[in-house]
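> File name query14.csv; file contents CSV, N, CA and C atoms; full text below.
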```
chain,number,residue,atom,x,y,z
V,1,MET,N,93.9,168.3,-40.0
V,1,MET,CA,93.3,169.3,-40.8
V,1,MET,C,93.8,169.1,-42.2
V,2,THR,N,92.8,169.2,-43.2
V,2,THR,CA,93.1,169.1,-44.6
V,2,THR,C,93.8,170.3,-45.2
V,3,VAL,N,94.8,170.0,-46.0
V,3,VAL,CA,95.5,171.1,-46.7
V,3,VAL,C,94.6,171.5,-47.9
V,4,MET,N,94.4,172.8,-48.0
V,4,MET,CA,93.6,173.4,-49.1
V,4,MET,C,94.5,173.4,-50.3
V,5,GLN,N,94.0,173.0,-51.4
V,5,GLN,CA,94.7,173.0,-52.7
V,5,GLN,C,94.3,174.3,-53.4
V,6,ASP,N,95.4,175.0,-53.9
V,6,ASP,CA,95.1,176.2,-54.7
V,6,ASP,C,95.0,175.9,-56.1
V,7,TYR,N,94.0,176.5,-56.8
V,7,TYR,CA,93.8,176.3,-58.2
V,7,TYR,C,94.2,177.6,-58.9
V,8,GLU,N,95.3,177.6,-59.6
V,8,GLU,CA,95.8,178.7,-60.2
V,8,GLU,C,94.8,179.2,-61.3
V,9,SER,N,94.5,180.4,-61.4
V,9,SER,CA,93.6,180.9,-62.4
V,9,SER,C,93.9,182.4,-62.5
V,10,SER,N,93.9,182.9,-63.8
V,10,SER,CA,94.2,184.3,-64.0
V,10,SER,C,93.5,184.8,-65.2
V,11,LEU,N,93.1,186.0,-65.3
V,11,LEU,CA,92.5,186.6,-66.4
V,11,LEU,C,93.4,186.6,-67.6
V,12,SER,N,94.7,186.7,-67.4
V,12,SER,CA,95.6,186.8,-68.5
V,12,SER,C,95.9,185.4,-69.2
V,13,ASP,N,95.7,184.4,-68.4
V,13,ASP,CA,95.9,183.0,-68.9
V,13,ASP,C,94.6,182.4,-69.2
V,14,VAL,N,94.1,182.4,-70.4
V,14,VAL,CA,92.8,181.9,-70.8
V,14,VAL,C,92.6,180.5,-70.5
V,15,SER,N,93.6,179.7,-70.6
V,15,SER,CA,93.4,178.2,-70.4
V,15,SER,C,93.3,177.9,-68.9
V,16,SER,N,93.7,178.8,-68.0
V,16,SER,CA,93.6,178.5,-66.6
V,16,SER,C,92.3,178.9,-66.0
V,17,ARG,N,91.4,179.6,-66.7
V,17,ARG,CA,90.2,180.1,-66.1
V,17,ARG,C,89.2,179.0,-65.7
V,18,LYS,N,88.6,179.2,-64.6
V,18,LYS,CA,87.6,178.2,-64.1
V,18,LYS,C,86.2,178.9,-64.2
V,19,PHE,N,85.2,178.1,-64.7
V,19,PHE,CA,84.0,178.8,-65.0
V,19,PHE,C,82.8,178.0,-64.5
V,20,GLU,N,83.0,176.9,-63.9
V,20,GLU,CA,81.9,176.1,-63.3
V,20,GLU,C,82.5,175.0,-62.5
V,21,THR,N,81.7,174.4,-61.6
V,21,THR,CA,82.2,173.4,-60.7
V,21,THR,C,83.0,172.3,-61.3
V,22,PHE,N,82.5,171.7,-62.4
V,22,PHE,CA,83.2,170.6,-63.0
V,22,PHE,C,84.6,171.0,-63.6
V,23,SER,N,84.8,172.3,-63.8
V,23,SER,CA,86.1,172.7,-64.4
V,23,SER,C,87.2,172.5,-63.4
V,24,TYR,N,86.9,172.4,-62.1
V,24,TYR,CA,88.0,172.1,-61.1
V,24,TYR,C,88.3,170.6,-61.0
V,25,LEU,N,87.6,169.8,-61.7
V,25,LEU,CA,87.8,168.4,-61.7
V,25,LEU,C,88.5,167.9,-63.0
V,26,PRO,N,89.1,166.7,-63.0
V,26,PRO,CA,89.6,166.2,-64.3
V,26,PRO,C,88.4,166.1,-65.3
V,27,ALA,N,88.7,166.2,-66.5
V,27,ALA,CA,87.7,166.1,-67.6
V,27,ALA,C,86.9,164.8,-67.4
V,28,MET,N,85.6,164.9,-67.6
V,28,MET,CA,84.7,163.7,-67.5
V,28,MET,C,84.9,162.8,-68.7
V,29,SER,N,84.8,161.5,-68.4
V,29,SER,CA,84.8,160.5,-69.4
V,29,SER,C,83.5,160.5,-70.2
V,30,ASP,N,83.5,159.9,-71.4
V,30,ASP,CA,82.2,159.8,-72.2
V,30,ASP,C,81.1,159.2,-71.4
V,31,LYS,N,81.4,158.2,-70.6
V,31,LYS,CA,80.3,157.6,-69.7
V,31,LYS,C,79.8,158.5,-68.7
V,32,GLN,N,80.7,159.3,-68.1
V,32,GLN,CA,80.3,160.2,-67.0
V,32,GLN,C,79.4,161.3,-67.6
V,33,ILE,N,79.8,161.8,-68.8
V,33,ILE,CA,79.0,162.8,-69.5
V,33,ILE,C,77.6,162.2,-69.8
V,34,LYS,N,77.6,161.0,-70.3
V,34,LYS,CA,76.3,160.3,-70.7
V,34,LYS,C,75.4,160.2,-69.4
V,35,ASP,N,76.1,159.9,-68.3
V,35,ASP,CA,75.3,159.7,-67.0
V,35,ASP,C,74.7,161.1,-66.6
V,36,GLN,N,75.5,162.2,-66.8
V,36,GLN,CA,75.0,163.5,-66.5
V,36,GLN,C,73.8,163.9,-67.4
V,37,VAL,N,73.9,163.5,-68.7
V,37,VAL,CA,72.7,163.8,-69.6
V,37,VAL,C,71.5,163.0,-69.1
V,38,ALA,N,71.8,161.7,-68.8
V,38,ALA,CA,70.7,160.8,-68.3
V,38,ALA,C,70.0,161.4,-67.1
V,39,TYR,N,70.8,162.0,-66.2
V,39,TYR,CA,70.3,162.6,-65.0
V,39,TYR,C,69.4,163.8,-65.3
V,40,ILE,N,69.8,164.6,-66.3
V,40,ILE,CA,69.0,165.8,-66.7
V,40,ILE,C,67.7,165.3,-67.2
V,41,VAL,N,67.7,164.3,-68.1
V,41,VAL,CA,66.5,163.7,-68.7
V,41,VAL,C,65.6,163.1,-67.6
V,42,SER,N,66.2,162.4,-66.6
V,42,SER,CA,65.4,161.8,-65.6
V,42,SER,C,64.7,162.8,-64.7
V,43,ARG,N,65.2,164.0,-64.6
V,43,ARG,CA,64.6,165.0,-63.8
V,43,ARG,C,63.5,165.8,-64.6
V,44,GLY,N,63.4,165.5,-65.9
V,44,GLY,CA,62.4,166.2,-66.7
V,44,GLY,C,62.8,167.5,-67.1
V,45,TRP,N,64.1,167.8,-67.0
V,45,TRP,CA,64.7,169.1,-67.4
V,45,TRP,C,64.8,169.2,-68.9
V,46,ASN,N,64.8,170.3,-69.5
V,46,ASN,CA,65.0,170.5,-70.9
V,46,ASN,C,66.4,170.8,-71.2
V,47,PRO,N,67.1,169.9,-72.0
V,47,PRO,CA,68.5,170.2,-72.3
V,47,PRO,C,68.6,171.3,-73.4
V,48,ALA,N,69.7,172.0,-73.3
V,48,ALA,CA,70.1,173.0,-74.2
V,48,ALA,C,71.7,173.0,-74.4
V,49,ILE,N,72.1,173.4,-75.5
V,49,ILE,CA,73.6,173.4,-75.8
V,49,ILE,C,74.0,174.8,-76.1
V,50,GLU,N,75.1,175.3,-75.5
V,50,GLU,CA,75.6,176.6,-75.8
V,50,GLU,C,77.1,176.5,-76.1
V,51,HIS,N,77.7,177.5,-76.7
V,51,HIS,CA,79.1,177.5,-77.0
V,51,HIS,C,79.7,178.9,-76.9
V,52,THR,N,81.0,179.0,-76.7
V,52,THR,CA,81.6,180.3,-76.7
V,52,THR,C,83.1,180.1,-76.9
V,53,GLU,N,83.8,181.2,-77.2
V,53,GLU,CA,85.2,181.2,-77.3
V,53,GLU,C,85.8,181.1,-75.9
V,54,PRO,N,86.9,180.4,-75.7
V,54,PRO,CA,87.5,180.3,-74.4
V,54,PRO,C,87.8,181.6,-73.7
V,55,GLN,N,88.2,182.6,-74.4
V,55,GLN,CA,88.4,183.9,-73.8
V,55,GLN,C,87.2,184.6,-73.3
V,56,ASN,N,86.0,184.2,-73.8
V,56,ASN,CA,84.7,184.7,-73.3
V,56,ASN,C,84.0,183.9,-72.4
V,57,SER,N,84.6,182.8,-71.9
V,57,SER,CA,83.9,181.8,-71.1
V,57,SER,C,83.4,182.3,-69.7
V,58,THR,N,84.0,183.3,-69.2
V,58,THR,CA,83.6,183.8,-67.9
V,58,THR,C,82.5,184.8,-68.0
V,59,GLY,N,82.1,185.2,-69.2
V,59,GLY,CA,81.0,186.1,-69.4
V,59,GLY,C,79.6,185.4,-69.3
V,60,SER,N,78.6,186.1,-69.2
V,60,SER,CA,77.3,185.5,-69.0
V,60,SER,C,76.6,185.2,-70.3
V,61,TYR,N,77.2,185.7,-71.4
V,61,TYR,CA,76.6,185.4,-72.7
V,61,TYR,C,77.3,184.3,-73.5
V,62,TRP,N,76.6,183.2,-73.8
V,62,TRP,CA,77.2,182.2,-74.6
V,62,TRP,C,76.2,182.0,-75.8
V,63,TYR,N,76.7,181.6,-76.9
V,63,TYR,CA,75.9,181.4,-78.1
V,63,TYR,C,75.0,180.2,-77.9
V,64,MET,N,73.8,180.3,-78.3
V,64,MET,CA,72.9,179.1,-78.2
V,64,MET,C,73.0,178.3,-79.5
V,65,TRP,N,73.2,177.0,-79.3
V,65,TRP,CA,73.2,176.0,-80.4
V,65,TRP,C,71.8,175.6,-80.7
V,66,LYS,N,71.2,176.1,-81.7
V,66,LYS,CA,69.8,175.8,-82.0
V,66,LYS,C,68.9,176.2,-80.8
V,67,LEU,N,67.7,175.7,-80.8
V,67,LEU,CA,66.8,176.0,-79.7
V,67,LEU,C,67.0,174.9,-78.6
V,68,PRO,N,66.5,175.2,-77.4
V,68,PRO,CA,66.6,174.1,-76.3
V,68,PRO,C,65.8,172.9,-76.8
V,69,MET,N,66.1,171.8,-76.4
V,69,MET,CA,65.5,170.5,-76.9
V,69,MET,C,64.3,170.2,-75.9
V,70,PHE,N,63.3,170.9,-76.0
V,70,PHE,CA,62.1,170.8,-75.2
V,70,PHE,C,61.6,169.4,-75.2
V,71,GLY,N,61.5,168.7,-74.1
V,71,GLY,CA,60.9,167.4,-74.0
V,71,GLY,C,61.8,166.2,-74.6
V,72,GLU,N,63.0,166.5,-75.0
V,72,GLU,CA,63.8,165.5,-75.5
V,72,GLU,C,64.3,164.5,-74.4
V,73,THR,N,64.1,163.2,-74.7
V,73,THR,CA,64.5,162.2,-73.7
V,73,THR,C,65.5,161.2,-74.2
V,74,ASP,N,65.9,161.4,-75.5
V,74,ASP,CA,66.9,160.5,-76.0
V,74,ASP,C,68.3,161.0,-75.7
V,75,VAL,N,69.0,160.3,-74.8
V,75,VAL,CA,70.3,160.7,-74.4
V,75,VAL,C,71.3,160.8,-75.5
V,76,ASP,N,71.2,159.8,-76.4
V,76,ASP,CA,72.1,159.7,-77.5
V,76,ASP,C,71.9,160.9,-78.5
V,77,HIS,N,70.7,161.3,-78.7
V,77,HIS,CA,70.4,162.4,-79.6
V,77,HIS,C,70.9,163.7,-79.0
V,78,ILE,N,70.8,163.9,-77.7
V,78,ILE,CA,71.3,165.1,-77.0
V,78,ILE,C,72.9,165.1,-77.2
V,79,LEU,N,73.5,164.0,-76.9
V,79,LEU,CA,75.0,163.9,-77.1
V,79,LEU,C,75.4,164.1,-78.5
V,80,SER,N,74.6,163.6,-79.5
V,80,SER,CA,74.9,163.8,-80.9
V,80,SER,C,74.9,165.3,-81.2
V,81,GLU,N,73.9,166.0,-80.7
V,81,GLU,CA,73.8,167.5,-81.0
V,81,GLU,C,75.0,168.2,-80.4
V,82,ALA,N,75.4,167.8,-79.2
V,82,ALA,CA,76.6,168.4,-78.5
V,82,ALA,C,77.8,168.2,-79.4
V,83,GLU,N,78.0,167.0,-79.9
V,83,GLU,CA,79.1,166.6,-80.7
V,83,GLU,C,79.1,167.4,-82.0
V,84,THR,N,77.9,167.6,-82.6
V,84,THR,CA,77.8,168.4,-83.8
V,84,THR,C,78.2,169.8,-83.6
V,85,CYS,N,77.8,170.4,-82.5
V,85,CYS,CA,78.1,171.7,-82.1
V,85,CYS,C,79.7,171.8,-82.0
V,86,HIS,N,80.2,170.9,-81.3
V,86,HIS,CA,81.7,170.8,-81.1
V,86,HIS,C,82.4,170.8,-82.4
V,87,LYS,N,81.9,170.0,-83.3
V,87,LYS,CA,82.6,169.8,-84.7
V,87,LYS,C,82.4,171.1,-85.5
V,88,ALA,N,81.3,171.8,-85.3
V,88,ALA,CA,81.1,173.1,-86.0
V,88,ALA,C,81.9,174.2,-85.4
V,89,HIS,N,82.3,174.1,-84.1
V,89,HIS,CA,83.0,175.1,-83.4
V,89,HIS,C,84.1,174.5,-82.6
V,90,PRO,N,85.1,173.9,-83.2
V,90,PRO,CA,86.1,173.0,-82.5
V,90,PRO,C,87.0,173.8,-81.5
V,91,ASN,N,87.1,175.1,-81.7
V,91,ASN,CA,87.9,175.9,-80.7
V,91,ASN,C,87.1,176.5,-79.6
V,92,ASN,N,85.8,176.3,-79.6
V,92,ASN,CA,85.0,176.8,-78.5
V,92,ASN,C,84.7,175.8,-77.4
V,93,HIS,N,84.4,176.4,-76.2
V,93,HIS,CA,83.9,175.5,-75.2
V,93,HIS,C,82.4,175.2,-75.5
V,94,VAL,N,82.0,174.0,-75.2
V,94,VAL,CA,80.6,173.6,-75.5
V,94,VAL,C,80.0,173.2,-74.1
V,95,ARG,N,78.9,173.8,-73.7
V,95,ARG,CA,78.3,173.4,-72.4
V,95,ARG,C,76.9,172.8,-72.6
V,96,LEU,N,76.5,171.9,-71.7
V,96,LEU,CA,75.2,171.4,-71.7
V,96,LEU,C,74.5,172.0,-70.5
V,97,ILE,N,73.2,172.4,-70.7
V,97,ILE,CA,72.4,173.0,-69.7
V,97,ILE,C,71.1,172.1,-69.5
V,98,GLY,N,70.7,172.0,-68.3
V,98,GLY,CA,69.4,171.3,-68.1
V,98,GLY,C,68.5,172.4,-67.4
V,99,TYR,N,67.5,172.9,-68.2
V,99,TYR,CA,66.6,173.9,-67.7
V,99,TYR,C,65.4,173.2,-66.9
V,100,ASP,N,65.2,173.6,-65.7
V,100,ASP,CA,64.1,173.2,-64.9
V,100,ASP,C,63.0,174.1,-65.1
V,101,ASN,N,62.0,173.7,-65.8
V,101,ASN,CA,60.9,174.6,-66.2
V,101,ASN,C,59.9,174.9,-65.0
V,102,PHE,N,60.0,174.1,-63.9
V,102,PHE,CA,59.2,174.4,-62.8
V,102,PHE,C,59.8,175.4,-61.9
V,103,ALA,N,61.1,175.3,-61.6
V,103,ALA,CA,61.8,176.3,-60.8
V,103,ALA,C,62.2,177.5,-61.7
V,104,GLN,N,62.0,177.4,-63.0
V,104,GLN,CA,62.4,178.5,-63.9
V,104,GLN,C,63.9,178.9,-63.7
V,105,SER,N,64.7,177.9,-63.7
V,105,SER,CA,66.2,178.1,-63.5
V,105,SER,C,67.0,177.0,-64.2
V,106,GLN,N,68.3,177.1,-64.2
V,106,GLN,CA,69.1,176.0,-64.6
V,106,GLN,C,69.3,175.0,-63.5
V,107,GLY,N,68.9,173.8,-63.8
V,107,GLY,CA,69.1,172.7,-62.8
V,107,GLY,C,70.5,172.1,-62.9
V,108,ALA,N,71.1,172.2,-64.1
V,108,ALA,CA,72.5,171.7,-64.3
V,108,ALA,C,73.1,172.5,-65.4
V,109,SER,N,74.4,172.6,-65.3
V,109,SER,CA,75.2,173.3,-66.4
V,109,SER,C,76.6,172.8,-66.3
V,110,MET,N,77.2,172.3,-67.4
V,110,MET,CA,78.5,171.8,-67.4
V,110,MET,C,79.1,171.9,-68.8
V,111,VAL,N,80.4,172.2,-68.8
V,111,VAL,CA,81.2,172.2,-70.0
V,111,VAL,C,81.6,170.8,-70.4
V,112,ILE,N,81.2,170.3,-71.5
V,112,ILE,CA,81.5,168.9,-71.9
V,112,ILE,C,82.5,168.9,-73.0
V,113,TYR,N,82.8,170.0,-73.7
V,113,TYR,CA,84.0,170.0,-74.6
V,113,TYR,C,84.7,171.3,-74.3
V,114,ARG,N,86.0,171.3,-74.1
V,114,ARG,CA,86.8,172.5,-73.9
V,114,ARG,C,87.5,172.8,-75.1
V,115,GLY,N,87.4,174.1,-75.5
V,115,GLY,CA,88.0,174.6,-76.7
V,115,GLY,C,89.5,175.0,-76.4
V,116,THR,N,90.2,175.3,-77.4
V,116,THR,CA,91.6,175.8,-77.2
V,116,THR,C,91.6,177.3,-77.4
V,117,PRO,N,92.3,178.0,-76.5
V,117,PRO,CA,92.4,179.4,-76.7
V,117,PRO,C,93.2,179.8,-78.0
V,118,THR,N,92.8,180.9,-78.6
V,118,THR,CA,93.5,181.4,-79.8
V,118,THR,C,94.3,182.6,-79.5
```
Could you write out this structure as structure tokens?


Amino acid sequence: MTVMQDYESSLSDVSSRKFETFSYLPAMSDKQIKDQVAYIVSRGWNPAIEHTEPQNSTGSYWYMWKLPMFGETDVDHILSEAETCHKAHPNNHVRLIGYDNFAQSQGASMVIYRGTPT
């Protein structure tokens, strides 16, 4: 039987909070992030970038960075926008979302830059 690993997380410790599946894994490399963006594009999903303060990351409201990039297929442009958002808000978490306009839902959502709690 496999031993279950406990992931310590508490509301009082902002840096320990988990807010999506990938947050339980080690941080993704630049190539892994690029592969995820390529997957979003290959599915025909519309990429969007959002950001928020680490202490608000468990809430449902994140700030939208510009408008969703409807029809954008250039992976490097999408990554460039995410990096620009991160530079503009270096202490915030920045997440990438892939909106599936057929299912009318998020097909993918992942934090690609983690901010530092203040």

> Need to verify the contact set: region 75-78 of chain V, 12 Å, only C-alpha atoms, exclusion of same-chain residues closer than 3 positions in sequence. Can you return it as a VMD selection string?

chain V and resid 30 to 31 33 to 42 46 to 49 65 to 66 68 to 72 81 to 85 95 to 98

> Generate a file of the selected residues that holds N, CA and C atoms, formatted as an mmCIF file, in the frame of the given file.


```cif
data_model
loop_
_atom_site.group_PDB
_atom_site.id
_atom_site.type_symbol
_atom_site.label_atom_id
_atom_site.label_comp_id
_atom_site.auth_asym_id
_atom_site.auth_seq_id
_atom_site.Cartn_x
_atom_site.Cartn_y
_atom_site.Cartn_z
ATOM 1 N N ASP V 30 83.500 159.900 -71.400
ATOM 2 C CA ASP V 30 82.200 159.800 -72.200
ATOM 3 C C ASP V 30 81.100 159.200 -71.400
ATOM 4 N N LYS V 31 81.400 158.200 -70.600
ATOM 5 C CA LYS V 31 80.300 157.600 -69.700
ATOM 6 C C LYS V 31 79.800 158.500 -68.700
ATOM 7 N N ILE V 33 79.800 161.800 -68.800
ATOM 8 C CA ILE V 33 79.000 162.800 -69.500
ATOM 9 C C ILE V 33 77.600 162.200 -69.800
ATOM 10 N N LYS V 34 77.600 161.000 -70.300
ATOM 11 C CA LYS V 34 76.300 160.300 -70.700
ATOM 12 C C LYS V 34 75.400 160.200 -69.400
ATOM 13 N N ASP V 35 76.100 159.900 -68.300
ATOM 14 C CA ASP V 35 75.300 159.700 -67.000
ATOM 15 C C ASP V 35 74.700 161.100 -66.600
ATOM 16 N N GLN V 36 75.500 162.200 -66.800
ATOM 17 C CA GLN V 36 75.000 163.500 -66.500
ATOM 18 C C GLN V 36 73.800 163.900 -67.400
ATOM 19 N N VAL V 37 73.900 163.500 -68.700
ATOM 20 C CA VAL V 37 72.700 163.800 -69.600
ATOM 21 C C VAL V 37 71.500 163.000 -69.100
ATOM 22 N N ALA V 38 71.800 161.700 -68.800
ATOM 23 C CA ALA V 38 70.700 160.800 -68.300
ATOM 24 C C ALA V 38 70.000 161.400 -67.100
ATOM 25 N N TYR V 39 70.800 162.000 -66.200
ATOM 26 C CA TYR V 39 70.300 162.600 -65.000
ATOM 27 C C TYR V 39 69.400 163.800 -65.300
ATOM 28 N N ILE V 40 69.800 164.600 -66.300
ATOM 29 C CA ILE V 40 69.000 165.800 -66.700
ATOM 30 C C ILE V 40 67.700 165.300 -67.200
ATOM 31 N N VAL V 41 67.700 164.300 -68.100
ATOM 32 C CA VAL V 41 66.500 163.700 -68.700
ATOM 33 C C VAL V 41 65.600 163.100 -67.600
ATOM 34 N N SER V 42 66.200 162.400 -66.600
ATOM 35 C CA SER V 42 65.400 161.800 -65.600
ATOM 36 C C SER V 42 64.700 162.800 -64.700
ATOM 37 N N ASN V 46 64.800 170.300 -69.500
ATOM 38 C CA ASN V 46 65.000 170.500 -70.900
ATOM 39 C C ASN V 46 66.400 170.800 -71.200
ATOM 40 N N PRO V 47 67.100 169.900 -72.000
ATOM 41 C CA PRO V 47 68.500 170.200 -72.300
ATOM 42 C C PRO V 47 68.600 171.300 -73.400
ATOM 43 N N ALA V 48 69.700 172.000 -73.300
ATOM 44 C CA ALA V 48 70.100 173.000 -74.200
ATOM 45 C C ALA V 48 71.700 173.000 -74.400
ATOM 46 N N ILE V 49 72.100 173.400 -75.500
ATOM 47 C CA ILE V 49 73.600 173.400 -75.800
ATOM 48 C C ILE V 49 74.000 174.800 -76.100
ATOM 49 N N TRP V 65 73.200 177.000 -79.300
ATOM 50 C CA TRP V 65 73.200 176.000 -80.400
ATOM 51 C C TRP V 65 71.800 175.600 -80.700
ATOM 52 N N LYS V 66 71.200 176.100 -81.700
ATOM 53 C CA LYS V 66 69.800 175.800 -82.000
ATOM 54 C C LYS V 66 68.900 176.200 -80.800
ATOM 55 N N PRO V 68 66.500 175.200 -77.400
ATOM 56 C CA PRO V 68 66.600 174.100 -76.300
ATOM 57 C C PRO V 68 65.800 172.900 -76.800
ATOM 58 N N MET V 69 66.100 171.800 -76.400
ATOM 59 C CA MET V 69 65.500 170.500 -76.900
ATOM 60 C C MET V 69 64.300 170.200 -75.900
ATOM 61 N N PHE V 70 63.300 170.900 -76.000
ATOM 62 C CA PHE V 70 62.100 170.800 -75.200
ATOM 63 C C PHE V 70 61.600 169.400 -75.200
ATOM 64 N N GLY V 71 61.500 168.700 -74.100
ATOM 65 C CA GLY V 71 60.900 167.400 -74.000
ATOM 66 C C GLY V 71 61.800 166.200 -74.600
ATOM 67 N N GLU V 72 63.000 166.500 -75.000
ATOM 68 C CA GLU V 72 63.800 165.500 -75.500
ATOM 69 C C GLU V 72 64.300 164.500 -74.400
ATOM 70 N N GLU V 81 73.900 166.000 -80.700
ATOM 71 C CA GLU V 81 73.800 167.500 -81.000
ATOM 72 C C GLU V 81 75.000 168.200 -80.400
ATOM 73 N N ALA V 82 75.400 167.800 -79.200
ATOM 74 C CA ALA V 82 76.600 168.400 -78.500
ATOM 75 C C ALA V 82 77.800 168.200 -79.400
ATOM 76 N N GLU V 83 78.000 167.000 -79.900
ATOM 77 C CA GLU V 83 79.100 166.600 -80.700
ATOM 78 C C GLU V 83 79.100 167.400 -82.000
ATOM 79 N N THR V 84 77.900 167.600 -82.600
ATOM 80 C CA THR V 84 77.800 168.400 -83.800
ATOM 81 C C THR V 84 78.200 169.800 -83.600
ATOM 82 N N CYS V 85 77.800 170.400 -82.500
ATOM 83 C CA CYS V 85 78.100 171.700 -82.100
ATOM 84 C C CYS V 85 79.700 171.800 -82.000
ATOM 85 N N ARG V 95 78.900 173.800 -73.700
ATOM 86 C CA ARG V 95 78.300 173.400 -72.400
ATOM 87 C C ARG V 95 76.900 172.800 -72.600
ATOM 88 N N LEU V 96 76.500 171.900 -71.700
ATOM 89 C CA LEU V 96 75.200 171.400 -71.700
ATOM 90 C C LEU V 96 74.500 172.000 -70.500
ATOM 91 N N ILE V 97 73.200 172.400 -70.700
ATOM 92 C CA ILE V 97 72.400 173.000 -69.700
ATOM 93 C C ILE V 97 71.100 172.100 -69.500
ATOM 94 N N GLY V 98 70.700 172.000 -68.300
ATOM 95 C CA GLY V 98 69.400 171.300 -68.100
ATOM 96 C C GLY V 98 68.500 172.400 -67.400
#
```

> Going by DSSP on the backbone, which bits of chain V are strand (DSSP E)? Write them as an mmCIF file with N, CA and C atoms, in the coordinates of the input, please.


```
data_model
loop_
_atom_site.group_PDB
_atom_site.id
_atom_site.type_symbol
_atom_site.label_atom_id
_atom_site.label_comp_id
_atom_site.auth_asym_id
_atom_site.auth_seq_id
_atom_site.Cartn_x
_atom_site.Cartn_y
_atom_site.Cartn_z
ATOM 1 N N ASN V 46 64.800 170.300 -69.500
ATOM 2 C CA ASN V 46 65.000 170.500 -70.900
ATOM 3 C C ASN V 46 66.400 170.800 -71.200
ATOM 4 N N PRO V 47 67.100 169.900 -72.000
ATOM 5 C CA PRO V 47 68.500 170.200 -72.300
ATOM 6 C C PRO V 47 68.600 171.300 -73.400
ATOM 7 N N ALA V 48 69.700 172.000 -73.300
ATOM 8 C CA ALA V 48 70.100 173.000 -74.200
ATOM 9 C C ALA V 48 71.700 173.000 -74.400
ATOM 10 N N ILE V 49 72.100 173.400 -75.500
ATOM 11 C CA ILE V 49 73.600 173.400 -75.800
ATOM 12 C C ILE V 49 74.000 174.800 -76.100
ATOM 13 N N GLU V 50 75.100 175.300 -75.500
ATOM 14 C CA GLU V 50 75.600 176.600 -75.800
ATOM 15 C C GLU V 50 77.100 176.500 -76.100
ATOM 16 N N HIS V 51 77.700 177.500 -76.700
ATOM 17 C CA HIS V 51 79.100 177.500 -77.000
ATOM 18 C C HIS V 51 79.700 178.900 -76.900
ATOM 19 N N THR V 52 81.000 179.000 -76.700
ATOM 20 C CA THR V 52 81.600 180.300 -76.700
ATOM 21 C C THR V 52 83.100 180.100 -76.900
ATOM 22 N N TYR V 63 76.700 181.600 -76.900
ATOM 23 C CA TYR V 63 75.900 181.400 -78.100
ATOM 24 C C TYR V 63 75.000 180.200 -77.900
ATOM 25 N N MET V 64 73.800 180.300 -78.300
ATOM 26 C CA MET V 64 72.900 179.100 -78.200
ATOM 27 C C MET V 64 73.000 178.300 -79.500
ATOM 28 N N TRP V 65 73.200 177.000 -79.300
ATOM 29 C CA TRP V 65 73.200 176.000 -80.400
ATOM 30 C C TRP V 65 71.800 175.600 -80.700
ATOM 31 N N HIS V 93 84.400 176.400 -76.200
ATOM 32 C CA HIS V 93 83.900 175.500 -75.200
ATOM 33 C C HIS V 93 82.400 175.200 -75.500
ATOM 34 N N VAL V 94 82.000 174.000 -75.200
ATOM 35 C CA VAL V 94 80.600 173.600 -75.500
ATOM 36 C C VAL V 94 80.000 173.200 -74.100
ATOM 37 N N ARG V 95 78.900 173.800 -73.700
ATOM 38 C CA ARG V 95 78.300 173.400 -72.400
ATOM 39 C C ARG V 95 76.900 172.800 -72.600
ATOM 40 N N LEU V 96 76.500 171.900 -71.700
ATOM 41 C CA LEU V 96 75.200 171.400 -71.700
ATOM 42 C C LEU V 96 74.500 172.000 -70.500
ATOM 43 N N ILE V 97 73.200 172.400 -70.700
ATOM 44 C CA ILE V 97 72.400 173.000 -69.700
ATOM 45 C C ILE V 97 71.100 172.100 -69.500
ATOM 46 N N GLY V 98 70.700 172.000 -68.300
ATOM 47 C CA GLY V 98 69.400 171.300 -68.100
ATOM 48 C C GLY V 98 68.500 172.400 -67.400
ATOM 49 N N TYR V 99 67.500 172.900 -68.200
ATOM 50 C CA TYR V 99 66.600 173.900 -67.700
ATOM 51 C C TYR V 99 65.400 173.200 -66.900
ATOM 52 N N ASP V 100 65.200 173.600 -65.700
ATOM 53 C CA ASP V 100 64.100 173.200 -64.900
ATOM 54 C C ASP V 100 63.000 174.100 -65.100
ATOM 55 N N SER V 105 64.700 177.900 -63.700
ATOM 56 C CA SER V 105 66.200 178.100 -63.500
ATOM 57 C C SER V 105 67.000 177.000 -64.200
ATOM 58 N N GLN V 106 68.300 177.100 -64.200
ATOM 59 C CA GLN V 106 69.100 176.000 -64.600
ATOM 60 C C GLN V 106 69.300 175.000 -63.500
ATOM 61 N N GLY V 107 68.900 173.800 -63.800
ATOM 62 C CA GLY V 107 69.100 172.700 -62.800
ATOM 63 C C GLY V 107 70.500 172.100 -62.900
ATOM 64 N N ALA V 108 71.100 172.200 -64.100
ATOM 65 C CA ALA V 108 72.500 171.700 -64.300
ATOM 66 C C ALA V 108 73.100 172.500 -65.400
ATOM 67 N N SER V 109 74.400 172.600 -65.300
ATOM 68 C CA SER V 109 75.200 173.300 -66.400
ATOM 69 C C SER V 109 76.600 172.800 -66.300
ATOM 70 N N MET V 110 77.200 172.300 -67.400
ATOM 71 C CA MET V 110 78.500 171.800 -67.400
ATOM 72 C C MET V 110 79.100 171.900 -68.800
ATOM 73 N N VAL V 111 80.400 172.200 -68.800
ATOM 74 C CA VAL V 111 81.200 172.200 -70.000
ATOM 75 C C VAL V 111 81.600 170.800 -70.400
ATOM 76 N N ILE V 112 81.200 170.300 -71.500
ATOM 77 C CA ILE V 112 81.500 168.900 -71.900
ATOM 78 C C ILE V 112 82.500 168.900 -73.000
ATOM 79 N N TYR V 113 82.800 170.000 -73.700
ATOM 80 C CA TYR V 113 84.000 170.000 -74.600
ATOM 81 C C TYR V 113 84.700 171.300 -74.300
#
```

> Which is closer to Val111 (chain V) than all the others in V:Met28, V:Val3, V:Ala88, V:Leu79, using all atoms listed in the file?

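Among the listed residues, the smallest separation from Val111 (chain V) belongs to V:Met28.
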
> Using all atoms listed in the file, which residue out of V:Gln106, V:Thr73, V:Thr52, V:Thr58 lies closest to Asn91 (chain V)?

V:Thr52

> What is the CA of Gly107 (chain V) to CA of Gly59 (chain V) distance in Å?

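Taking CA of Gly107 (chain V) as the start and CA of Gly59 (chain V) as the end point, the length is 19.1 Å.
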